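First the structure, in the form of structure tokens, and then the observations on it.
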4 protein chains.
Amino acid sequence: MSELTATLLNCTLKPSPAPSSCDLLLSQVMSELAKHGVTGTVIRMVDHDVKPGVTSDEGEGDDWPAIRHKILSSDILIMGVLIWIGHPSSLAQRVLERMDAFLSEADDQGRFPSYGRVAGLAVVGNEDGAHHVTAELYQGLADVGFTIPANGVTYWVGRAMQSTDYNDLDETPQETDRTTKMMTRNTVHLARWLKANNYPGDPEAEMEKDQ
Amino acid sequence: MSELTATLLNCTLKPSPAPSSCDLLLSQVMSELAKHGVTGTVIRMVDHDVKPGVTSDEGEGDDWPAIRHKILSSDILIMGVLIWIGHPSSLAQRVLERMDAFLSEADDQGRFPSYGRVAGLAVVGNEDGAHHVTAELYQGLADVGFTIPANGVTYWVGRAMQSTDYNDLDETPQETDRTTKMMTRNTVHLARWLKANNYPGDPEAEMEKDQ
Amino acid sequence: MSELTATLLNCTLKPSPAPSSCDLLLSQVMSELAKHGVTGTVIRMVDHDVKPGVTSDEGEGDDWPAIRHKILSSDILIMGVLIWIGHPSSLAQRVLERMDAFLSEADDQGRFPSYGRVAGLAVVGNEDGAHHVTAELYQGLADVGFTIPANGVTYWVGRAMQSTDYNDLDETPQETDRTTKMMTRNTVHLARWLKANNYPGDPEAEMEKDQ
Amino acid sequence: MSELTATLLNCTLKPSPAPSSCDLLLSQVMSELAKHGVTGTVIRMVDHDVKPGVTSDEGEGDDWPAIRHKILSSDILIMGVLIWIGHPSSLAQRVLERMDAFLSEADDQGRFPSYGRVAGLAVVGNEDGAHHVTAELYQGLADVGFTIPANGVTYWVGRAMQSTDYNDLDETPQETDRTTKMMTRNTVHLARWLKANNYPGDPEAEMEKDQ
């Protein structure tokens, strides 16, 4: 059984070493991935200078090329997304913007460099917004070439207008724990096969180039 | 001070006489509106046969024309929206689809029949989705000509993946109560003025027709 | 190679026999699926009486149970979605609401009846909204257990505020044609494997029931 | 008639002096505002260092406090938003995140510092996404205290999957031009009155503080 690797992006707005609810949820995801033999690392996006733009390299001082390399060297991408104003954090949207470049980096069969990789989500906020953040990310990630497993998201939010953080809870709610396990299990199942069986791509795409 | 009227649409999926969380929240909104001298009625959409379509009258058996008349006879529209799968219920979307017809019913100055009216929201679900439902409805309602006050929504949702209903709570959460009051206060403030001071419209629109 | 079947749901608001842009796009998807050996049928939702609700059977006169059976007898679900007010049509949301029942119909390993099936999208409108409709549907479909392939959507919309329909175009735009081919190719690739290799599910789920 | 002022935020990802489609649309909005006697300035967000965070001042080097001051010194806020991956650009989301601080800066009557101000939108992209960006921004802006006029958005997008920019068009499409005029007219109408007639706020909020 081939060994799988994962990159987990924490899109919190708080730089290290501030505690992060998203970090906690991602560490739980990573623990579950490890049980399936997956190795991986968490990158806190706000600690890096990812320039605005929609290319794969925005020039001097841009930290994206290294992160992009890490993503494309992995079989699984987990986006850890904070909810703000009911939306994905600006740093999550920044990641999608930078991966928009994949669309102009297709291979001879029209496949983006992300093809053959599976994406999952870990979404967290004080209150409300997890489903919408999931929708935005699923669409963004599938548009740039990732595959989305059944129930590809784990999440936690509190009740309306409350302010306790996920990492202030006494214990992990059973529902989130069960969902984390299901999400990682499904992600790994799909990733293991897809790694060895990438989409076939478009035979005509190559012919177009030949002409 | 002119008297104001409101129409409140309950977009639950459950026909009467089933109890409805949305009904409870709308009755609280109506109580607050009454304190400001507003009279109004709640219509439970699922009890009526509102046909699919995007015109103001979809023919025999269509209950929309009467509801449309009620909406346009009122100064305030409150949409009571249930969250399902993180989205506005199909009945809320149905209402927006039918109001799409307003766009082809502009007056000589290019103003839709809804102009001069204010819309507010009451959103409820077991867990998650209030902000997104708000976004969908604000955009839909403003697109078809309603004006949206500051903090034009009151809502309640429980914590992630829980299943207690709003109308099963022992008491109304203080945050929702305060928000209901703020929403109705803002809605009435704006509606009172806008009723007497409709948008001026486009003087060129009339000229186009003259030619 | 096992034979695959597909169910394609046309969520237009217009009853048969009115021409439907969504029908045209779905017929193009079906043609491509056929090239991969997939057989399938298109169901126009508005021709059937699918009751409001979130159970698998809303009682007398409800046409959903038969459609649900068709979906779960197929390996691939293609949702054909019309854009109204920038959102999925009320009939598309209705379908998601009825599939919400899958969440309470999990098997001993916690897998919904939809598990092992792949979903793709065909989205069409006069102007604007395809990405958002895609987001809403991907999230809804993955939440109720479907798997989403890379680039699992084909679509067409015109430029801002224009009114020509997809089925009024002289010819199919090359971009949409190429996207239809990529979407169906990816959907079939994934569906063929997943049919024979369903997600393993949660071994603890069974244990919980045993206790 | 009191004089009104506007702040227009260009949320393109491209730093000056690169040409920007959003800049063009905002300059058209500004021209229309000027016809109504409104003065204003455009700020290109990417030229400034607006730190990640959700407070009104994220410390040394943060350019937000000056921009925040400009917004709150104006009667009208126009958000110029680029569409990327079908969503508001990361810089537009960044602006919303920073205005989230308004919620903890309410006055004695529970009114945010943004109360009494009107917000409008100018949305632009190559293809698709204007309605969804509008939804996200309306909800975000109303949540942090702005009022949204009827038809408070002007926009342009091309047909599906095309790549011409708004500022490459030979002329401004008539539909966008007419919409720009309607949007500015409605925004000014509302802003002029609201400036002199702010929402009354919550009398009980003050009492709570007194106790």
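Please note that chains go A, B, ... in the order of the structure tokens, that every chain numbers its residues from 1, and that ligands are numbered from 1 in the order shown.
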TODO: Could you give me, as a ChimeraX atom specification, each residue of segment 85-145 of chain B that DSSP assigns to strand (DSSP E or B) when run on this structure's backbone?
DONE: /B:87-88,118-127
Open item on the list: Quick one: residues within 10 Å of Arg68 of chain C, only C-alpha atoms, excluding same-chain residues fewer than 6 positions away - as an MDAnalysis selection string?
Closed with: chainID C and resid 56:57 95 98:99
Open item on the list: With 10 Å as the limit and counting only C-alpha atoms, what residues in chain D lie close to chain C? Please list them as a PyMOL selection string.
Closed with: chain D and resi 85-87+124+126-135+155-162+173-176+179
Open item on the list: List the spatial neighbours of Leu8 of chain D as a PyMOL selection string - criterion: any atom at most 8 Å away, only C-alpha atoms, same-chain residues fewer than 3 positions off excluded.
Closed with: chain D and resi 26+40-43+77-80
Emit the selected residues as a PDB file, in the first residue's frame, including C-alpha atoms.
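New file out-v9.pdb:
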```
ATOM      1  CA  LEU D  26     -15.430  53.040  -9.967  1.00  0.00           C
ATOM      2  CA  GLY D  40     -15.109  61.382  -3.050  1.00  0.00           C
ATOM      3  CA  THR D  41     -11.869  59.529  -3.485  1.00  0.00           C
ATOM      4  CA  VAL D  42     -10.881  56.071  -4.657  1.00  0.00           C
ATOM      5  CA  ILE D  43      -8.453  54.026  -2.558  1.00  0.00           C
ATOM      6  CA  LEU D  77     -19.085  53.665   0.974  1.00  0.00           C
ATOM      7  CA  ILE D  78     -18.677  52.119  -2.468  1.00  0.00           C
ATOM      8  CA  MET D  79     -16.912  48.771  -2.525  1.00  0.00           C
ATOM      9  CA  GLY D  80     -15.274  48.014  -5.882  1.00  0.00           C
TER      10      GLY D  80
END
```
Open item on the list: Neighbouring residues of Tyr199 of chain A were defined as those with any atom within 9 Å, considering only C-alpha atoms; residues of the same chain fewer than 3 positions away were excluded. Please report them as a ChimeraX atom specification.
Closed with: /A:111,115-116,194 /C:150,185-186,189-190
Give me a file of those residues, with N, CA and C atoms, as a PDB file, in the first residue's frame.
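File written: selection-v7.pdb
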```pdb
ATOM      1  N   ARG A 111      -5.082  18.375 -18.100  1.00  0.00           N
ATOM      2  CA  ARG A 111      -5.230  18.153 -16.653  1.00  0.00           C
ATOM      3  C   ARG A 111      -4.386  19.139 -15.860  1.00  0.00           C
ATOM      4  N   TYR A 115      -4.673  17.745 -10.342  1.00  0.00           N
ATOM      5  CA  TYR A 115      -5.400  16.503 -10.663  1.00  0.00           C
ATOM      6  C   TYR A 115      -4.744  15.298  -9.982  1.00  0.00           C
ATOM      7  N   GLY A 116      -5.599  14.396  -9.528  1.00  0.00           N
ATOM      8  CA  GLY A 116      -5.082  13.211  -8.847  1.00  0.00           C
ATOM      9  C   GLY A 116      -4.922  13.417  -7.352  1.00  0.00           C
ATOM     10  N   LEU A 194      -6.748   7.397  -6.205  1.00  0.00           N
ATOM     11  CA  LEU A 194      -6.579   8.429  -7.224  1.00  0.00           C
ATOM     12  C   LEU A 194      -5.102   8.699  -7.514  1.00  0.00           C
TER      13      LEU A 194
ATOM     14  N   ALA C 150     -12.948  16.172  -9.877  1.00  0.00           N
ATOM     15  CA  ALA C 150     -12.303  17.400 -10.351  1.00  0.00           C
ATOM     16  C   ALA C 150     -13.112  17.949 -11.521  1.00  0.00           C
ATOM     17  N   ARG C 185     -16.019  12.908 -18.535  1.00  0.00           N
ATOM     18  CA  ARG C 185     -14.870  11.992 -18.473  1.00  0.00           C
ATOM     19  C   ARG C 185     -14.443  11.769 -17.014  1.00  0.00           C
ATOM     20  N   ASN C 186     -14.339  12.881 -16.265  1.00  0.00           N
ATOM     21  CA  ASN C 186     -13.910  12.775 -14.869  1.00  0.00           C
ATOM     22  C   ASN C 186     -14.953  12.059 -14.007  1.00  0.00           C
ATOM     23  N   HIS C 189     -14.791   8.280 -14.781  1.00  0.00           N
ATOM     24  CA  HIS C 189     -13.553   7.687 -14.235  1.00  0.00           C
ATOM     25  C   HIS C 189     -13.724   7.358 -12.757  1.00  0.00           C
ATOM     26  N   LEU C 190     -14.239   8.307 -12.029  1.00  0.00           N
ATOM     27  CA  LEU C 190     -14.404   8.160 -10.585  1.00  0.00           C
ATOM     28  C   LEU C 190     -15.523   7.168 -10.268  1.00  0.00           C
TER      29      LEU C 190
END
```
TODO: Would you mind reading off the distance between atom CA of His48 of chain D and atom CA of Cys22 of chain D, one decimal, in Å?
DONE: 16.6 Å
- [ ] For atom CA of Lys181 of chain D and atom CA of Pro149 of chain D, quote the distance in Å rounded to one decimal.
- [x]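 Taking atom CA of Lys181 of chain D as the start and atom CA of Pro149 of chain D as the end point, the length is 13.1 Å.
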TODO: Give me every helix (DSSP H, G or I) residue in segment 42-156 of chain C, going by DSSP on the backbone, as an MDAnalysis selection string.
DONE: chainID C and resid 45:47 64:72 90:104 130:143
With C-alpha atoms retained, write the just-selected residues as a tab-separated table (two decimals), in the first residue's frame.
```
chain	number	residue	atom	x	y	z
C	45	MET	CA	-38.56	17.71	-11.96
C	46	VAL	CA	-41.31	20.28	-12.57
C	47	ASP	CA	-43.39	17.64	-14.37
C	64	TRP	CA	-40.23	11.75	-4.76
C	65	PRO	CA	-40.03	8.06	-3.68
C	66	ALA	CA	-39.91	6.93	-7.33
C	67	ILE	CA	-37.29	9.55	-8.24
C	68	ARG	CA	-35.28	8.69	-5.13
C	69	HIS	CA	-35.32	5.04	-6.18
C	70	LYS	CA	-34.03	6.01	-9.63
C	71	ILE	CA	-31.19	8.07	-8.15
C	72	LEU	CA	-30.10	5.30	-5.80
C	90	SER	CA	-36.28	26.30	-6.13
C	91	LEU	CA	-36.62	22.84	-7.72
C	92	ALA	CA	-32.90	22.13	-7.30
C	93	GLN	CA	-33.12	23.16	-3.64
C	94	ARG	CA	-36.20	20.95	-3.30
C	95	VAL	CA	-34.14	17.97	-4.48
C	96	LEU	CA	-31.43	18.71	-1.90
C	97	GLU	CA	-34.05	19.03	0.84
C	98	ARG	CA	-35.49	15.63	0.01
C	99	MET	CA	-32.03	14.04	-0.07
C	100	ASP	CA	-31.41	15.47	3.42
C	101	ALA	CA	-33.23	12.34	4.57
C	102	PHE	CA	-30.19	10.27	3.56
C	103	LEU	CA	-28.48	11.50	6.74
C	104	SER	CA	-30.87	9.49	8.87
C	130	ALA	CA	-22.85	29.45	-12.43
C	131	HIS	CA	-20.04	29.41	-9.88
C	132	HIS	CA	-22.34	30.11	-6.98
C	133	VAL	CA	-24.87	27.51	-8.08
C	134	THR	CA	-21.96	25.08	-8.34
C	135	ALA	CA	-20.85	25.92	-4.79
C	136	GLU	CA	-24.33	25.41	-3.35
C	137	LEU	CA	-24.78	22.10	-5.16
C	138	TYR	CA	-21.32	20.65	-4.49
C	139	GLN	CA	-21.72	21.32	-0.78
C	140	GLY	CA	-25.29	20.02	-0.70
C	141	LEU	CA	-24.46	16.90	-2.69
C	142	ALA	CA	-21.29	16.07	-0.75
C	143	ASP	CA	-23.14	16.67	2.54
```
